[in-house]
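Shown here: data39.cif, mmCIF, C-alpha atoms.
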```cif
data_final
loop_
_atom_site.group_PDB
_atom_site.id
_atom_site.type_symbol
_atom_site.label_atom_id
_atom_site.label_comp_id
_atom_site.auth_asym_id
_atom_site.auth_seq_id
_atom_site.Cartn_x
_atom_site.Cartn_y
_atom_site.Cartn_z
ATOM 1 C CA MET A 275 43.620 7.281 -22.516
ATOM 2 C CA LYS A 276 47.081 8.481 -23.457
ATOM 3 C CA ASN A 277 49.584 9.627 -20.900
ATOM 4 C CA ILE A 278 49.883 13.411 -20.990
ATOM 5 C CA GLU A 279 53.485 13.058 -22.230
ATOM 6 C CA ASP A 280 52.252 11.445 -25.467
ATOM 7 C CA VAL A 281 49.475 13.945 -26.208
ATOM 8 C CA LYS A 282 50.089 16.569 -28.890
ATOM 9 C CA VAL A 283 50.768 19.982 -27.387
ATOM 10 C CA GLY A 284 48.088 21.590 -29.570
ATOM 11 C CA ASP A 285 45.511 19.146 -28.237
ATOM 12 C CA LEU A 286 46.628 19.865 -24.675
ATOM 13 C CA VAL A 287 45.994 23.574 -25.119
ATOM 14 C CA VAL A 288 42.599 22.774 -26.644
ATOM 15 C CA SER A 289 41.751 20.830 -23.483
ATOM 16 C CA ASN A 290 42.985 23.590 -21.171
ATOM 17 C CA TYR A 291 43.845 27.002 -22.529
ATOM 18 C CA LYS A 292 45.975 27.912 -19.496
ATOM 19 C CA TYR A 293 48.490 25.299 -20.607
ATOM 20 C CA ALA A 294 49.540 27.840 -23.232
ATOM 21 C CA ASP A 295 51.199 29.949 -20.530
ATOM 22 C CA VAL A 296 53.416 27.019 -19.504
ATOM 23 C CA PHE A 297 54.375 26.255 -23.095
ATOM 24 C CA MET A 298 55.205 29.908 -23.705
ATOM 25 C CA LYS A 299 57.446 29.863 -20.620
ATOM 26 C CA TYR A 300 59.456 26.944 -21.977
ATOM 27 C CA GLY A 301 59.432 28.065 -25.619
ATOM 28 C CA ILE A 302 57.275 25.119 -26.733
ATOM 29 C CA ASP A 303 55.406 25.817 -29.984
ATOM 30 C CA PHE A 304 51.743 24.891 -29.452
ATOM 31 C CA CYS A 305 50.257 26.590 -32.523
ATOM 32 C CA CYS A 306 52.122 26.023 -35.802
ATOM 33 C CA GLY A 307 54.061 23.163 -34.214
ATOM 34 C CA GLY A 308 51.133 21.892 -32.183
ATOM 35 C CA GLY A 309 51.101 18.477 -33.854
ATOM 36 C CA VAL A 310 54.089 17.228 -31.837
ATOM 37 C CA SER A 311 53.749 15.235 -28.604
ATOM 38 C CA LEU A 312 54.663 16.888 -25.320
ATOM 39 C CA ARG A 313 57.502 14.417 -24.847
ATOM 40 C CA ASN A 314 59.035 15.172 -28.249
ATOM 41 C CA SER A 315 58.497 18.911 -27.857
ATOM 42 C CA CYS A 316 60.418 18.877 -24.567
ATOM 43 C CA ASP A 317 63.176 16.818 -26.177
ATOM 44 C CA MET A 318 63.481 19.306 -29.040
ATOM 45 C CA LYS A 319 63.649 22.255 -26.642
ATOM 46 C CA GLN A 320 65.900 20.354 -24.210
ATOM 47 C CA VAL A 321 63.652 21.151 -21.261
ATOM 48 C CA SER A 322 62.643 18.869 -18.406
ATOM 49 C CA LEU A 323 59.536 16.873 -19.266
ATOM 50 C CA ASP A 324 58.857 16.271 -15.572
ATOM 51 C CA ALA A 325 59.015 20.006 -14.809
ATOM 52 C CA VAL A 326 56.569 20.841 -17.594
ATOM 53 C CA VAL A 327 54.167 18.054 -16.596
ATOM 54 C CA ASP A 328 54.271 19.233 -12.968
ATOM 55 C CA GLU A 329 53.244 22.739 -14.006
ATOM 56 C CA LEU A 330 50.459 21.442 -16.234
ATOM 57 C CA GLN A 331 49.112 19.271 -13.437
ATOM 58 C CA ARG A 332 49.242 22.217 -11.049
ATOM 59 C CA ILE A 333 47.089 24.228 -13.453
ATOM 60 C CA GLU A 334 44.663 21.326 -13.792
ATOM 61 C CA SER A 335 44.310 21.084 -10.036
ATOM 62 C CA GLN A 336 43.469 24.794 -9.879
ATOM 63 C CA ASN A 337 40.556 24.217 -12.267
ATOM 64 C CA LEU A 338 41.471 27.125 -14.535
ATOM 65 C CA VAL A 339 40.099 25.619 -17.726
ATOM 66 C CA GLN A 340 39.094 28.214 -20.302
ATOM 67 C CA ASN A 341 35.929 27.967 -22.399
ATOM 68 C CA GLU A 342 37.185 28.593 -25.951
ATOM 69 C CA SER A 343 37.093 24.913 -26.929
ATOM 70 C CA ASN A 344 33.422 24.749 -25.888
ATOM 71 C CA MET A 345 32.321 27.837 -27.812
ATOM 72 C CA THR A 346 30.096 27.530 -30.855
ATOM 73 C CA LEU A 347 31.671 28.539 -34.158
ATOM 74 C CA ASP A 348 29.983 31.930 -34.261
ATOM 75 C CA GLN A 349 30.915 32.610 -30.615
ATOM 76 C CA LEU A 350 34.515 31.657 -31.340
ATOM 77 C CA ILE A 351 34.669 33.943 -34.377
ATOM 78 C CA ASP A 352 33.251 36.821 -32.333
ATOM 79 C CA HIS A 353 35.849 36.130 -29.620
ATOM 80 C CA ILE A 354 38.752 36.017 -32.072
ATOM 81 C CA GLU A 355 37.699 39.235 -33.788
ATOM 82 C CA SER A 356 36.927 41.229 -30.658
ATOM 83 C CA LYS A 357 39.899 40.065 -28.595
ATOM 84 C CA HIS A 358 42.751 39.011 -30.861
ATOM 85 C CA HIS A 359 42.155 40.877 -34.126
ATOM 86 C CA SER A 360 41.545 44.093 -32.206
ATOM 87 C CA TYR A 361 44.693 43.496 -30.184
ATOM 88 C CA VAL A 362 46.835 43.096 -33.310
ATOM 89 C CA ARG A 363 45.443 46.261 -34.873
ATOM 90 C CA GLU A 364 45.996 48.278 -31.716
ATOM 91 C CA SER A 365 49.372 46.874 -30.659
ATOM 92 C CA LEU A 366 51.334 46.398 -33.864
ATOM 93 C CA PRO A 367 51.542 50.125 -34.784
ATOM 94 C CA VAL A 368 52.682 50.853 -31.223
ATOM 95 C CA LEU A 369 55.346 48.154 -31.455
ATOM 96 C CA ILE A 370 56.630 49.536 -34.737
ATOM 97 C CA SER A 371 56.788 53.035 -33.268
ATOM 98 C CA TYR A 372 58.783 51.733 -30.292
ATOM 99 C CA SER A 373 61.018 49.768 -32.642
ATOM 100 C CA ASP A 374 61.811 52.850 -34.707
ATOM 101 C CA LYS A 375 62.724 54.869 -31.606
ATOM 102 C CA VAL A 376 64.867 52.155 -30.019
ATOM 103 C CA ALA A 377 66.647 51.294 -33.265
ATOM 104 C CA LYS A 378 67.447 54.953 -33.881
ATOM 105 C CA VAL A 379 69.042 55.392 -30.451
ATOM 106 C CA HIS A 380 70.584 51.959 -29.830
ATOM 107 C CA GLY A 381 70.818 50.391 -33.297
ATOM 108 C CA VAL A 382 74.511 51.170 -33.779
ATOM 109 C CA LYS A 383 75.494 49.288 -30.619
ATOM 110 C CA TYR A 384 72.822 46.589 -30.857
ATOM 111 C CA SER A 385 72.421 45.810 -34.542
ATOM 112 C CA GLU A 386 69.715 43.212 -33.864
ATOM 113 C CA LEU A 387 67.338 46.131 -33.268
ATOM 114 C CA LEU A 388 67.677 47.102 -36.921
ATOM 115 C CA GLU A 389 66.785 43.568 -37.985
ATOM 116 C CA ILE A 390 63.824 43.482 -35.606
ATOM 117 C CA ARG A 391 62.518 46.717 -37.099
ATOM 118 C CA VAL A 392 62.586 45.152 -40.582
ATOM 119 C CA LEU A 393 60.863 42.004 -39.322
ATOM 120 C CA LEU A 394 58.107 43.955 -37.568
ATOM 121 C CA ASN A 395 57.356 45.887 -40.739
ATOM 122 C CA GLU A 396 57.255 42.595 -42.618
ATOM 123 C CA LEU A 397 54.897 41.206 -39.970
ATOM 124 C CA GLU A 398 52.601 44.218 -40.330
ATOM 125 C CA ASN A 399 52.544 43.827 -44.110
ATOM 126 C CA ASP A 400 51.573 40.169 -43.682
ATOM 127 C CA LEU A 401 49.131 40.376 -40.777
ATOM 128 C CA MET A 402 46.937 43.317 -41.734
ATOM 129 C CA PRO A 403 45.788 41.805 -45.083
ATOM 130 C CA HIS A 404 45.540 38.438 -43.320
ATOM 131 C CA LEU A 405 43.052 39.778 -40.757
ATOM 132 C CA ASN A 406 41.022 41.393 -43.524
ATOM 133 C CA LYS A 407 40.862 38.152 -45.516
ATOM 134 C CA GLU A 408 39.580 36.300 -42.485
ATOM 135 C CA GLU A 409 36.971 38.943 -41.705
ATOM 136 C CA VAL A 410 35.807 39.495 -45.301
ATOM 137 C CA ILE A 411 36.075 35.976 -46.759
ATOM 138 C CA LEU A 412 36.649 33.078 -44.349
ATOM 139 C CA PHE A 413 34.636 34.102 -41.300
ATOM 140 C CA PRO A 414 31.540 35.198 -43.296
ATOM 141 C CA TYR A 415 31.698 31.911 -45.207
ATOM 142 C CA ILE A 416 31.729 29.946 -41.942
ATOM 143 C CA ARG A 417 28.810 32.026 -40.657
ATOM 144 C CA GLN A 418 26.886 31.213 -43.851
ATOM 145 C CA MET A 419 27.638 27.533 -43.336
ATOM 146 C CA LEU A 420 25.984 27.789 -39.927
ATOM 147 C CA GLY A 421 22.760 28.833 -41.647
ATOM 148 C CA ASP A 422 21.330 27.336 -44.814
ATOM 149 C CA SER A 423 24.357 26.059 -46.743
ATOM 150 C CA SER A 424 22.357 26.255 -49.993
ATOM 151 C CA LEU A 425 22.452 30.042 -49.621
ATOM 152 C CA LEU A 426 26.249 30.298 -49.656
ATOM 153 C CA THR A 427 27.085 33.258 -51.880
ATOM 154 C CA LEU A 428 30.850 33.679 -51.568
ATOM 155 C CA PRO A 429 32.838 32.256 -54.522
ATOM 156 C CA ILE A 430 34.467 29.425 -52.547
ATOM 157 C CA ASP A 431 34.234 25.743 -53.452
ATOM 158 C CA SER A 432 35.200 24.528 -49.992
ATOM 159 C CA VAL A 433 36.098 26.068 -46.645
ATOM 160 C CA ARG A 434 39.355 24.117 -46.890
ATOM 161 C CA SER A 435 40.655 26.466 -49.596
ATOM 162 C CA PRO A 436 40.799 29.686 -47.540
ATOM 163 C CA ILE A 437 41.833 27.688 -44.460
ATOM 164 C CA GLU A 438 44.890 26.362 -46.303
ATOM 165 C CA VAL A 439 45.867 29.945 -47.158
ATOM 166 C CA MET A 440 45.376 31.075 -43.560
ATOM 167 C CA LEU A 441 47.457 28.161 -42.229
ATOM 168 C CA HIS A 442 50.331 29.069 -44.539
ATOM 169 C CA GLU A 443 50.158 32.702 -43.447
ATOM 170 C CA HIS A 444 50.070 31.650 -39.786
ATOM 171 C CA ASP A 445 53.276 29.687 -40.350
ATOM 172 C CA SER A 446 54.919 32.762 -41.883
ATOM 173 C CA ALA A 447 53.897 35.006 -38.980
ATOM 174 C CA GLY A 448 55.081 32.388 -36.490
ATOM 175 C CA ASP A 449 58.442 32.174 -38.224
ATOM 176 C CA ILE A 450 58.890 35.954 -38.011
ATOM 177 C CA LEU A 451 58.150 35.941 -34.281
ATOM 178 C CA LYS A 452 60.565 33.054 -33.718
ATOM 179 C CA SER A 453 63.250 35.033 -35.556
ATOM 180 C CA ILE A 454 62.563 38.051 -33.351
ATOM 181 C CA ARG A 455 62.785 35.926 -30.198
ATOM 182 C CA ALA A 456 66.120 34.529 -31.379
ATOM 183 C CA LEU A 457 67.469 38.015 -32.165
ATOM 184 C CA THR A 458 66.493 39.248 -28.695
ATOM 185 C CA ASN A 459 67.974 36.170 -26.996
ATOM 186 C CA ASN A 460 64.565 35.375 -25.505
ATOM 187 C CA TYR A 461 63.894 39.057 -24.769
ATOM 188 C CA ARG A 462 66.980 39.436 -22.620
ATOM 189 C CA LEU A 463 67.707 43.120 -22.114
ATOM 190 C CA PRO A 464 71.219 44.598 -22.064
ATOM 191 C CA GLU A 465 72.247 46.233 -18.812
ATOM 192 C CA ASP A 466 72.200 49.717 -20.327
ATOM 193 C CA ALA A 467 68.670 49.379 -21.753
ATOM 194 C CA CYS A 468 66.657 52.571 -21.341
ATOM 195 C CA THR A 469 63.022 52.691 -20.279
ATOM 196 C CA THR A 470 61.762 52.719 -23.882
ATOM 197 C CA TYR A 471 63.978 49.753 -24.721
ATOM 198 C CA ARG A 472 62.566 47.831 -21.756
ATOM 199 C CA ALA A 473 58.974 48.714 -22.626
ATOM 200 C CA PHE A 474 59.603 47.641 -26.224
ATOM 201 C CA TYR A 475 60.789 44.167 -25.233
ATOM 202 C CA ARG A 476 57.930 43.759 -22.760
ATOM 203 C CA LEU A 477 55.400 44.645 -25.460
ATOM 204 C CA LEU A 478 57.131 42.370 -27.952
ATOM 205 C CA GLU A 479 56.865 39.401 -25.630
ATOM 206 C CA GLU A 480 53.240 40.195 -24.833
ATOM 207 C CA PHE A 481 52.447 40.475 -28.539
ATOM 208 C CA GLU A 482 54.106 37.138 -29.250
ATOM 209 C CA SER A 483 52.100 35.460 -26.498
ATOM 210 C CA ASP A 484 48.788 36.845 -27.740
ATOM 211 C CA LEU A 485 49.455 36.031 -31.386
ATOM 212 C CA PHE A 486 50.447 32.446 -30.622
ATOM 213 C CA LYS A 487 47.245 31.984 -28.608
ATOM 214 C CA HIS A 488 45.317 33.629 -31.454
ATOM 215 C CA ILE A 489 46.844 31.234 -34.004
ATOM 216 C CA HIS A 490 46.171 28.289 -31.726
ATOM 217 C CA LEU A 491 42.458 29.122 -31.486
ATOM 218 C CA GLU A 492 42.184 29.186 -35.264
ATOM 219 C CA ASN A 493 44.502 26.309 -36.206
ATOM 220 C CA ASN A 494 43.432 23.852 -33.528
ATOM 221 C CA ILE A 495 39.812 24.747 -32.760
ATOM 222 C CA LEU A 496 38.081 27.023 -35.305
ATOM 223 C CA PHE A 497 39.438 25.516 -38.527
ATOM 224 C CA PRO A 498 38.900 21.832 -37.576
ATOM 225 C CA LYS A 499 35.350 22.633 -36.418
ATOM 226 C CA ALA A 500 34.623 24.459 -39.674
ATOM 227 C CA ILE A 501 35.885 21.511 -41.739
ATOM 228 C CA GLU A 502 33.873 19.107 -39.599
ATOM 229 C CA LEU A 503 30.762 21.234 -40.173
ATOM 230 C CA GLU A 504 31.300 21.248 -43.930
ATOM 231 C CA ASN A 505 31.814 17.480 -43.995
ATOM 232 C CA ALA A 506 28.562 17.035 -42.110
#
```

How would this structure read if it were set down as structure tokens?
Amino acid sequence: MKNIEDVKVGDLVVSNYKYADVFMKYGIDFCCGGGVSLRNSCDMKQVSLDAVVDELQRIESQNLVQNESNMTLDQLIDHIESKHHSYVRESLPVLISYSDKVAKVHGVKYSELLEIRVLLNELENDLMPHLNKEEVILFPYIRQMLGDSSLLTLPIDSVRSPIEVMLHEHDSAGDILKSIRALTNNYRLPEDACTTYRAFYRLLEEFESDLFKHIHLENNILFPKAIELENA
């Protein structure tokens, strides 16, 4: 059994979903960058490994393990669609509306708001077709695999093909969110931020957290299980 310091952060979140909250706190990438050990991730972020391990162990002692890693494939797909896809569709238009208002009022003084507005529109243009491709192509294909695989009707040679596309698009979305976090200086508000400005940053950070958890569920649990099913 490996020491927790040498376990990949993506695998840690698979074992206990609440670990994601700790990694978000310290800026540790557990979705697109989930293949890196906890020790190396802390080194890259220049955060205390001991402090992170202490928080993870505290969560473990509280027995707050989530059930996503134990869900069947069809249960996991239902969960992703109902919780995370719905959240993106509901929240992203609101974020863009906030971004437009804040950039219009404060963009001259804080030019990063203009860049964030561009990035959010780019994110919307990427994510909305991405969700549709998952719901119309990849997820139905996985559901068909769960039945009689000889009845597969979608024009896909292997589940790996759409998964590779989804992984690439996840990386792109993750990069946009990392750029936004950098532009906001980790969502640090200026002293003269108005109420709308404050609400905008709060929603941005919440959106980032949900999307990273969403990507984690697909990259580290759903996709590997689907490939394993196909191989079997």

Could you tell me how far atom CA of A:Met440 lies from atom CA of A:Glu408, in Å and to one decimal?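 Computing the Euclidean distance for atom CA of A:Met440 and atom CA of A:Glu408 yields 7.9 Å.
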
Give me the stretch 380-456 of chain A side of the contact with stretch 479-488 of chain A, cut-off 9 Å, one line per residue showing its nearest atom pair and distance in Å at one decimal, counting all atoms listed in the file, sorted by chain and residue number, as JSON lines.
```
{"residue": "A:Ala447", "atom": "CA", "partner": "A:Leu485", "partner_atom": "CA", "distance": 8.9}
{"residue": "A:Gly448", "atom": "CA", "partner": "A:Phe486", "partner_atom": "CA", "distance": 7.5}
{"residue": "A:Leu451", "atom": "CA", "partner": "A:Glu482", "partner_atom": "CA", "distance": 6.6}
{"residue": "A:Lys452", "atom": "CA", "partner": "A:Glu482", "partner_atom": "CA", "distance": 8.9}
{"residue": "A:Arg455", "atom": "CA", "partner": "A:Glu479", "partner_atom": "CA", "distance": 8.2}
```

Evaluate the PyMOL selection byres ((chain A and resi 473) around 12) against this structure - the residues, as a PyMOL selection string, please. chain A and resi 368-369+371-373+375-376+461+463+467-472+474-480

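Distance-wise, atom CA of A:Lys407 and atom CA of A:Leu286 end up 28.3 Å apart.
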
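For the pair atom CA of A:Leu503 and atom CA of A:Pro403, the interatomic distance is 25.9 Å.
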
If I only have part of stretch 400-420 of chain A, can you fill in N, CA, C and O atoms and write it as a PDB file, in the coordinates of the input?
```pdb
ATOM      1  N   ASP A 400      52.205  41.484 -43.558  1.00  0.00           N
ATOM      2  CA  ASP A 400      51.573  40.169 -43.682  1.00  0.00           C
ATOM      3  C   ASP A 400      50.265  40.086 -42.904  1.00  0.00           C
ATOM      4  O   ASP A 400      49.260  39.563 -43.397  1.00  0.00           O
ATOM      5  N   LEU A 401      50.265  40.602 -41.671  1.00  0.00           N
ATOM      6  CA  LEU A 401      49.131  40.376 -40.777  1.00  0.00           C
ATOM      7  C   LEU A 401      47.908  41.222 -41.113  1.00  0.00           C
ATOM      8  O   LEU A 401      46.773  40.737 -40.998  1.00  0.00           O
ATOM      9  N   MET A 402      48.108  42.461 -41.503  1.00  0.00           N
ATOM     10  CA  MET A 402      46.937  43.317 -41.734  1.00  0.00           C
ATOM     11  C   MET A 402      46.064  42.780 -42.875  1.00  0.00           C
ATOM     12  O   MET A 402      44.834  42.659 -42.719  1.00  0.00           O
ATOM     13  N   PRO A 403      46.633  42.422 -44.044  1.00  0.00           N
ATOM     14  CA  PRO A 403      45.788  41.805 -45.083  1.00  0.00           C
ATOM     15  C   PRO A 403      45.228  40.455 -44.636  1.00  0.00           C
ATOM     16  O   PRO A 403      44.112  40.096 -45.008  1.00  0.00           O
ATOM     17  N   HIS A 404      45.995  39.737 -43.816  1.00  0.00           N
ATOM     18  CA  HIS A 404      45.540  38.438 -43.320  1.00  0.00           C
ATOM     19  C   HIS A 404      44.264  38.587 -42.488  1.00  0.00           C
ATOM     20  O   HIS A 404      43.291  37.848 -42.674  1.00  0.00           O
ATOM     21  N   LEU A 405      44.244  39.548 -41.567  1.00  0.00           N
ATOM     22  CA  LEU A 405      43.052  39.778 -40.757  1.00  0.00           C
ATOM     23  C   LEU A 405      41.856  40.149 -41.631  1.00  0.00           C
ATOM     24  O   LEU A 405      40.733  39.673 -41.406  1.00  0.00           O
ATOM     25  N   ASN A 406      42.105  40.981 -42.633  1.00  0.00           N
ATOM     26  CA  ASN A 406      41.022  41.393 -43.524  1.00  0.00           C
ATOM     27  C   ASN A 406      40.456  40.214 -44.302  1.00  0.00           C
ATOM     28  O   ASN A 406      39.233  40.105 -44.473  1.00  0.00           O
ATOM     29  N   LYS A 407      41.341  39.321 -44.772  1.00  0.00           N
ATOM     30  CA  LYS A 407      40.862  38.152 -45.516  1.00  0.00           C
ATOM     31  C   LYS A 407      40.004  37.249 -44.636  1.00  0.00           C
ATOM     32  O   LYS A 407      38.997  36.694 -45.094  1.00  0.00           O
ATOM     33  N   GLU A 408      40.392  37.113 -43.392  1.00  0.00           N
ATOM     34  CA  GLU A 408      39.580  36.300 -42.485  1.00  0.00           C
ATOM     35  C   GLU A 408      38.219  36.936 -42.257  1.00  0.00           C
ATOM     36  O   GLU A 408      37.190  36.250 -42.268  1.00  0.00           O
ATOM     37  N   GLU A 409      38.208  38.253 -42.055  1.00  0.00           N
ATOM     38  CA  GLU A 409      36.971  38.943 -41.705  1.00  0.00           C
ATOM     39  C   GLU A 409      36.039  39.149 -42.904  1.00  0.00           C
ATOM     40  O   GLU A 409      34.824  39.232 -42.724  1.00  0.00           O
ATOM     41  N   VAL A 410      36.620  39.221 -44.108  1.00  0.00           N
ATOM     42  CA  VAL A 410      35.807  39.495 -45.301  1.00  0.00           C
ATOM     43  C   VAL A 410      35.444  38.215 -46.052  1.00  0.00           C
ATOM     44  O   VAL A 410      34.390  38.142 -46.692  1.00  0.00           O
ATOM     45  N   ILE A 411      36.299  37.191 -45.968  1.00  0.00           N
ATOM     46  CA  ILE A 411      36.075  35.976 -46.759  1.00  0.00           C
ATOM     47  C   ILE A 411      35.789  34.757 -45.877  1.00  0.00           C
ATOM     48  O   ILE A 411      34.693  34.200 -45.911  1.00  0.00           O
ATOM     49  N   LEU A 412      36.767  34.350 -45.056  1.00  0.00           N
ATOM     50  CA  LEU A 412      36.649  33.078 -44.349  1.00  0.00           C
ATOM     51  C   LEU A 412      35.563  33.096 -43.276  1.00  0.00           C
ATOM     52  O   LEU A 412      34.702  32.207 -43.232  1.00  0.00           O
ATOM     53  N   PHE A 413      35.599  34.081 -42.395  1.00  0.00           N
ATOM     54  CA  PHE A 413      34.636  34.102 -41.300  1.00  0.00           C
ATOM     55  C   PHE A 413      33.192  34.245 -41.799  1.00  0.00           C
ATOM     56  O   PHE A 413      32.301  33.529 -41.312  1.00  0.00           O
ATOM     57  N   PRO A 414      32.908  35.141 -42.775  1.00  0.00           N
ATOM     58  CA  PRO A 414      31.540  35.198 -43.296  1.00  0.00           C
ATOM     59  C   PRO A 414      31.094  33.880 -43.935  1.00  0.00           C
ATOM     60  O   PRO A 414      29.934  33.489 -43.816  1.00  0.00           O
ATOM     61  N   TYR A 415      32.042  33.195 -44.588  1.00  0.00           N
ATOM     62  CA  TYR A 415      31.698  31.911 -45.207  1.00  0.00           C
ATOM     63  C   TYR A 415      31.298  30.889 -44.137  1.00  0.00           C
ATOM     64  O   TYR A 415      30.327  30.149 -44.286  1.00  0.00           O
ATOM     65  N   ILE A 416      32.061  30.866 -43.041  1.00  0.00           N
ATOM     66  CA  ILE A 416      31.729  29.946 -41.942  1.00  0.00           C
ATOM     67  C   ILE A 416      30.374  30.308 -41.354  1.00  0.00           C
ATOM     68  O   ILE A 416      29.545  29.429 -41.051  1.00  0.00           O
ATOM     69  N   ARG A 417      30.108  31.601 -41.203  1.00  0.00           N
ATOM     70  CA  ARG A 417      28.810  32.026 -40.657  1.00  0.00           C
ATOM     71  C   ARG A 417      27.675  31.584 -41.590  1.00  0.00           C
ATOM     72  O   ARG A 417      26.598  31.170 -41.137  1.00  0.00           O
ATOM     73  N   GLN A 418      27.903  31.668 -42.903  1.00  0.00           N
ATOM     74  CA  GLN A 418      26.886  31.213 -43.851  1.00  0.00           C
ATOM     75  C   GLN A 418      26.669  29.709 -43.736  1.00  0.00           C
ATOM     76  O   GLN A 418      25.540  29.218 -43.847  1.00  0.00           O
ATOM     77  N   MET A 419      27.756  28.974 -43.515  1.00  0.00           N
ATOM     78  CA  MET A 419      27.638  27.533 -43.336  1.00  0.00           C
ATOM     79  C   MET A 419      26.761  27.189 -42.136  1.00  0.00           C
ATOM     80  O   MET A 419      26.094  26.151 -42.119  1.00  0.00           O
ATOM     81  N   LEU A 420      26.774  28.044 -41.135  1.00  0.00           N
ATOM     82  CA  LEU A 420      25.984  27.789 -39.927  1.00  0.00           C
ATOM     83  C   LEU A 420      24.490  27.956 -40.187  1.00  0.00           C
ATOM     84  O   LEU A 420      23.670  27.450 -39.421  1.00  0.00           O
TER      85      LEU A 420
END
```
